Every structure is written in C-alpha cells, then in structure tokens.
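The file target35.cif contains mmCIF, C-alpha atoms:
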```cif
data_run
#
loop_
_atom_site.label_atom_id
_atom_site.label_comp_id
_atom_site.auth_asym_id
_atom_site.auth_seq_id
_atom_site.Cartn_x
_atom_site.Cartn_y
_atom_site.Cartn_z
CA MET F 1 24.53 -4.10 10.63
CA PRO F 2 23.85 -4.73 14.33
CA GLY F 3 20.76 -6.93 13.83
CA ILE F 4 22.74 -9.54 11.96
CA GLU F 5 25.22 -10.54 14.65
CA PHE F 6 24.43 -10.34 18.33
CA ASP F 7 27.04 -10.78 21.06
CA PHE F 8 24.78 -12.14 23.80
CA ALA F 9 27.42 -11.97 26.53
CA GLN F 10 27.99 -8.27 25.86
CA GLN F 11 24.32 -7.37 25.29
CA ALA F 12 22.58 -9.59 27.90
CA ALA F 13 21.61 -6.64 30.12
CA ASN F 14 19.77 -5.08 27.18
CA VAL F 15 17.91 -8.30 26.34
CA GLU F 16 15.98 -8.67 29.60
CA PRO F 17 13.87 -5.49 29.26
CA ALA F 18 13.33 -6.22 25.56
CA VAL F 19 12.06 -9.74 26.30
CA ARG F 20 9.85 -8.36 29.08
CA MET F 21 8.39 -5.82 26.63
CA LEU F 22 7.86 -8.58 24.06
CA TYR F 23 5.91 -10.72 26.56
CA GLN F 24 3.98 -7.70 27.83
CA THR F 25 3.01 -6.80 24.26
CA TYR F 26 1.90 -10.29 23.24
CA THR F 27 -0.10 -10.85 26.44
CA ASP F 28 -2.01 -7.59 25.87
CA VAL F 29 -5.10 -8.95 24.14
CA LEU F 30 -7.60 -6.14 24.74
CA PRO F 31 -9.17 -4.72 22.65
CA TYR F 32 -7.23 -6.97 20.21
CA PRO F 33 -4.18 -9.24 20.35
CA HIS F 34 -1.14 -6.98 20.08
CA LYS F 35 2.08 -7.67 18.18
CA PHE F 36 5.57 -6.24 18.55
CA ASN F 37 5.21 -4.13 15.41
CA ASP F 38 1.81 -2.55 16.21
CA ALA F 39 3.06 0.99 16.84
CA LEU F 40 5.24 0.97 13.73
CA ILE F 41 2.47 -0.38 11.51
CA LYS F 42 -0.08 2.09 12.93
CA ALA F 43 2.34 4.96 12.30
CA HIS F 44 2.82 3.83 8.69
CA LEU F 45 -0.93 3.58 8.19
CA GLN F 46 -1.55 7.01 9.76
CA GLY F 47 1.04 8.62 7.53
CA LEU F 48 -0.23 6.82 4.45
CA ASP F 49 -3.84 7.75 5.22
CA PHE F 50 -2.83 11.42 5.38
CA ALA F 51 -0.75 11.15 2.19
CA VAL F 52 -3.52 9.43 0.24
CA LYS F 53 -6.16 11.93 1.43
CA HIS F 54 -3.97 14.77 0.18
CA ASN F 55 -2.69 12.95 -2.93
CA LEU F 56 0.86 13.05 -1.57
CA TRP F 57 1.56 9.32 -1.50
CA LYS F 58 4.22 9.51 -4.25
CA GLU F 59 6.01 12.21 -2.28
CA LYS F 60 5.73 10.07 0.88
CA VAL F 61 7.43 7.16 -0.90
CA GLU F 62 10.16 9.44 -2.26
CA HIS F 63 10.69 10.98 1.17
CA GLU F 64 10.98 7.58 2.87
CA ALA F 65 13.60 6.50 0.31
CA HIS F 66 15.41 9.82 0.78
CA ILE F 67 15.49 9.40 4.57
CA LEU F 68 16.92 5.88 4.19
CA GLY F 69 19.31 7.09 1.46
CA PRO F 70 22.55 6.42 3.36
CA ILE F 71 21.46 2.85 4.15
CA LEU F 72 20.35 2.30 0.55
CA GLU F 73 23.71 3.62 -0.70
CA MET F 74 25.48 1.12 1.54
CA ILE F 75 23.29 -1.70 0.18
CA ALA F 76 24.01 -0.51 -3.38
CA GLY F 77 27.71 -1.04 -2.65
CA TRP F 78 26.99 -4.59 -1.56
CA VAL F 79 25.06 -5.18 -4.78
CA GLN F 80 27.99 -3.94 -6.86
CA GLU F 81 30.39 -6.19 -4.96
CA GLN F 82 28.26 -9.31 -4.40
CA GLY F 83 25.32 -9.23 -6.82
CA PRO F 84 21.56 -8.60 -6.84
CA GLU F 85 20.69 -11.16 -4.15
CA LYS F 86 22.59 -8.95 -1.72
CA GLY F 87 20.13 -6.15 -2.61
CA LEU F 88 17.13 -8.19 -1.45
CA TRP F 89 19.02 -9.23 1.67
CA GLY F 90 19.96 -5.63 2.41
CA ILE F 91 16.46 -4.25 1.87
CA PHE F 92 14.62 -6.87 3.88
CA GLU F 93 16.41 -9.03 6.42
CA ALA F 94 19.52 -6.90 7.02
CA ASN F 95 17.72 -3.58 7.52
CA SER F 96 16.13 -3.09 10.96
CA CYS F 97 14.11 -0.19 9.56
CA HIS F 98 12.38 -2.82 7.44
CA TYR F 99 12.62 -6.24 9.08
CA GLN F 100 10.97 -5.01 12.28
CA GLN F 101 7.72 -4.69 10.31
CA PHE F 102 7.42 -8.39 9.51
CA GLU F 103 6.88 -11.32 11.84
CA ARG F 104 8.14 -13.64 9.13
CA ILE F 105 10.37 -13.19 6.12
CA GLU F 106 10.80 -16.35 4.10
CA VAL F 107 14.05 -16.21 2.20
CA LYS F 108 14.34 -17.99 -1.14
CA PRO F 109 17.00 -17.47 -3.79
CA GLY F 110 16.04 -14.32 -5.69
CA GLU F 111 12.85 -13.70 -3.72
CA ARG F 112 11.38 -12.83 -0.35
CA LEU F 113 7.95 -13.82 0.95
CA LEU F 114 6.63 -11.36 3.53
CA GLN F 115 3.60 -11.88 5.74
CA CYS F 116 1.64 -8.63 5.32
CA PRO F 117 1.52 -6.74 8.64
CA TYR F 118 -0.87 -4.10 7.32
CA LYS F 119 -4.06 -6.03 6.55
CA GLU F 120 -4.92 -7.07 10.10
CA MET F 121 -3.98 -3.68 11.57
CA LEU F 122 -5.96 -1.85 8.90
CA GLU F 123 -9.02 -3.92 9.84
CA ILE F 124 -8.48 -3.08 13.53
CA VAL F 125 -7.99 0.66 13.07
CA GLY F 126 -10.57 0.77 10.29
CA SER F 127 -13.23 -0.15 12.83
CA LEU F 128 -12.64 3.26 14.44
CA GLY F 129 -14.06 4.95 11.35
CA THR F 130 -11.22 7.46 11.10
CA PHE F 131 -9.15 5.85 8.33
CA SER F 132 -10.13 6.15 4.68
CA ILE F 133 -7.39 4.06 3.04
CA THR F 134 -7.94 0.54 1.78
CA TRP F 135 -5.70 -2.49 1.71
CA GLU F 136 -5.30 -1.84 -2.02
CA ASP F 137 -4.02 1.65 -1.18
CA VAL F 138 -1.44 0.05 1.09
CA HIS F 139 -0.29 -2.22 -1.76
CA HIS F 140 -0.36 0.26 -4.63
CA LYS F 141 0.45 3.53 -2.85
CA TRP F 142 2.94 2.28 -0.28
CA CYS F 143 4.52 -1.19 -0.38
CA ILE F 144 4.93 -1.69 -4.14
CA PRO F 145 6.17 1.80 -4.99
CA LEU F 146 8.37 1.93 -1.87
CA TRP F 147 10.05 -1.41 -2.50
CA LYS F 148 10.54 -0.55 -6.17
CA GLU F 149 12.09 2.79 -5.21
CA PHE F 150 14.41 1.02 -2.75
CA ALA F 151 15.33 -1.52 -5.43
CA GLU F 152 16.09 1.21 -7.96
CA ARG F 153 18.32 3.04 -5.49
CA VAL F 154 20.30 -0.12 -4.66
CA GLY F 155 20.63 -1.06 -8.33
CA ILE F 156 18.26 -4.02 -8.74
CA LYS F 157 14.93 -4.55 -10.47
CA ILE F 158 12.10 -6.35 -8.70
CA GLU F 159 8.60 -7.67 -9.25
CA VAL F 160 6.09 -7.42 -6.43
CA THR F 161 3.02 -9.60 -6.03
CA PRO F 162 0.86 -8.24 -3.20
CA GLY F 163 -1.31 -10.37 -0.93
CA GLU F 164 -1.57 -11.66 2.60
CA THR F 165 1.89 -12.96 1.81
CA CYS F 166 3.67 -10.51 -0.48
CA ARG F 167 6.22 -11.84 -2.91
CA VAL F 168 9.19 -9.68 -3.87
CA ALA F 169 11.42 -11.24 -6.53
CA LEU F 170 14.35 -10.17 -8.62
CA LYS F 171 13.17 -9.38 -12.13
CA LYS F 172 14.56 -11.88 -14.61
#
```

Show how you would write the structure in this file as structure tokens.
Amino acid sequence: MPGIEFDFAQQAANVEPAVRMLYQTYTDVLPYPHKFNDALIKAHLQGLDFAVKHNLWKEKVEHEAHILGPILEMIAGWVQEQGPEKGLWGIFEANSCHYQQFERIEVKPGERLLQCPYKEMLEIVGSLGTFSITWEDVHHKWCIPLWKEFAERVGIKIEVTPGETCRVALKK
C-alpha cells in the first residue's frame, strides 16, 4: 500500500504542495481551528446524519464495507497468511481510506487506540443547528458497526470501546 513506504526522492515534487496545504489548513483558525481531516469527517457526519434520519444507517455501514470490499479482501489474505494482528494493521494504519481520519493511532499488540475525530467536529457543526445526530449515534450507528463489519470481512473478531479515545481490540 502506498502510504506505508514513501520514496522521498521520487515523490518530492508531490510533497511540497501537500505540506503547503497542511500548513494552510492548520493556520486557518476561523471560525474554528481546522485539521487536515475536516472535510472527510464532515462528509462522514453529513452522510450519517442523513442515514440516521431515514433509518438507513445499517445500509450505510453495509455499503461502505461493500465499496471497500476489494481492499478488505486483500487484508483478509494477509490475515490468512500472517494472523489476526495483520487484520488490525490492514484496517487501521495500512489503509489510507481509514488512517486519514485519525490524527493519532496508538498501536499495541492486539489493539488500536484511536483519538476520536468525530466528537469535536460534531460539536462544531452541531452549533449550526442543522445536524440531528449525537455522538452516541456516531459510536453505535457508525464506528462500532463499521469496524465490526470490516473485521468480519477480513476474518477477525474485535471488541470496540468507544470514547474520546476509542479502543479496538482483537476478541480473545
């Protein structure tokens, strides 16, 4: 996966605009301090708000897993060859569709600790008065079912403890 190894000499021309965008994003503090994942997190929250309003959140989770099916199949192969730890690695830190959401992923044997990107953004967009979902909706109608669906498709079982730092661990 390209995010794992980076040939700086070959990719240097692509790094400069990315670093400029990173600085531009983090120095944009009005009306709130922005982060690199803002647009992605807002898009997830918008889609989840719609899905929850129309009681389609289970379908949204299934659809997300379907869309990432080829990647999940590849990770499932790693799990078969190298064991369940490779499933966590593949879902979280080796998958740019997922790791771009989190500023920090703490890696421990058999578990991942993820700083929740949704709580702060939900508070920011919630002040607009147009969102009806809660942080509990994000946990129970998005993150937990999505990660469990990913885990099932790659052939592992997980436990999820939601919070400001979410814990995802291999089920013993």

* Could you check how far atom CA of Val29 of chain F sits from atom CA of Tyr99 of chain F, in Å to one decimal? =>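 Between these atoms lies a distance of 23.4 Å.
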
- Message: the PyMOL selection byres ((chain F and resi 134) around 10) - which residues does that actually catch in the file I just gave you? List them as an MDAnalysis selection string.
- Response: chainID F and resid 45 49 119 122:123 126 131:133 135:140

task = Excluding Lys35 of chain F and residues on its chain fewer than 3 positions from it, collect all residues at most 7 Å away from it, counting only C-alpha atoms, and give them as a list in words.
result =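 Neighbouring residues, sequence-local ones excluded: Thr25, Tyr26 and Asp38 of chain F.
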
* To do: Would you kindly translate the PyMOL selection byres ((chain F and resi 78-90) around 10) into the concrete residues it picks from this file, as a PyMOL selection string?
  => chain F and resi 1+71-77+91-96+98-99+107-112+147+150-158+168-171

Practice prompt. Tell me, in Å to one decimal, how far atom CA of Arg167 of chain F is from atom CA of Leu113 of chain F.
Written response: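 Going from atom CA of Arg167 of chain F over to atom CA of Leu113 of chain F covers 4.7 Å.
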
List as a ChimeraX atom specification the residues having at least one atom at most 12 Å from position (-0.2, 12.3, 0.9) as given in the file, counting only C-alpha atoms. /F:44-63,133,137,141-142

Select, from F:Ala9, F:Ile124, F:Cys116, F:Ala18, the residue with the minimum atom-to-atom distance to Leu30 of chain F, counting only C-alpha atoms.
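Ranked by minimum distance to Leu30 of chain F, first place goes to F:Ile124.
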
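The space between atom CA of Gln101 of chain F and atom CA of Lys42 of chain F spans 10.7 Å.
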
Quick check on the file I pasted: which residues fall under the PyMOL selection byres ((chain F and resi 104) around 8)? Write them as number ranges by chain.
F: 102-103, 105-106, 114-115

Nearest candidate to Cys166 of chain F (options F:Leu128, F:Pro117, F:His34, F:Ala13; using only C-alpha atoms)
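Nearest candidate to Cys166 of chain F out of F:Leu128, F:Pro117, F:His34, F:Ala13: F:Pro117.
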
Would you compute an axis-aligned box for segment 45-54 of chain F, covering every atom listed for it in the file with 5 Å of margin on each side, and report centre and edge lengths in Å to one decimal as JSON?
```
{"center_x": -2.6, "center_y": 9.2, "center_z": 5.0, "size_x": 17.2, "size_y": 21.2, "size_z": 19.6}
```
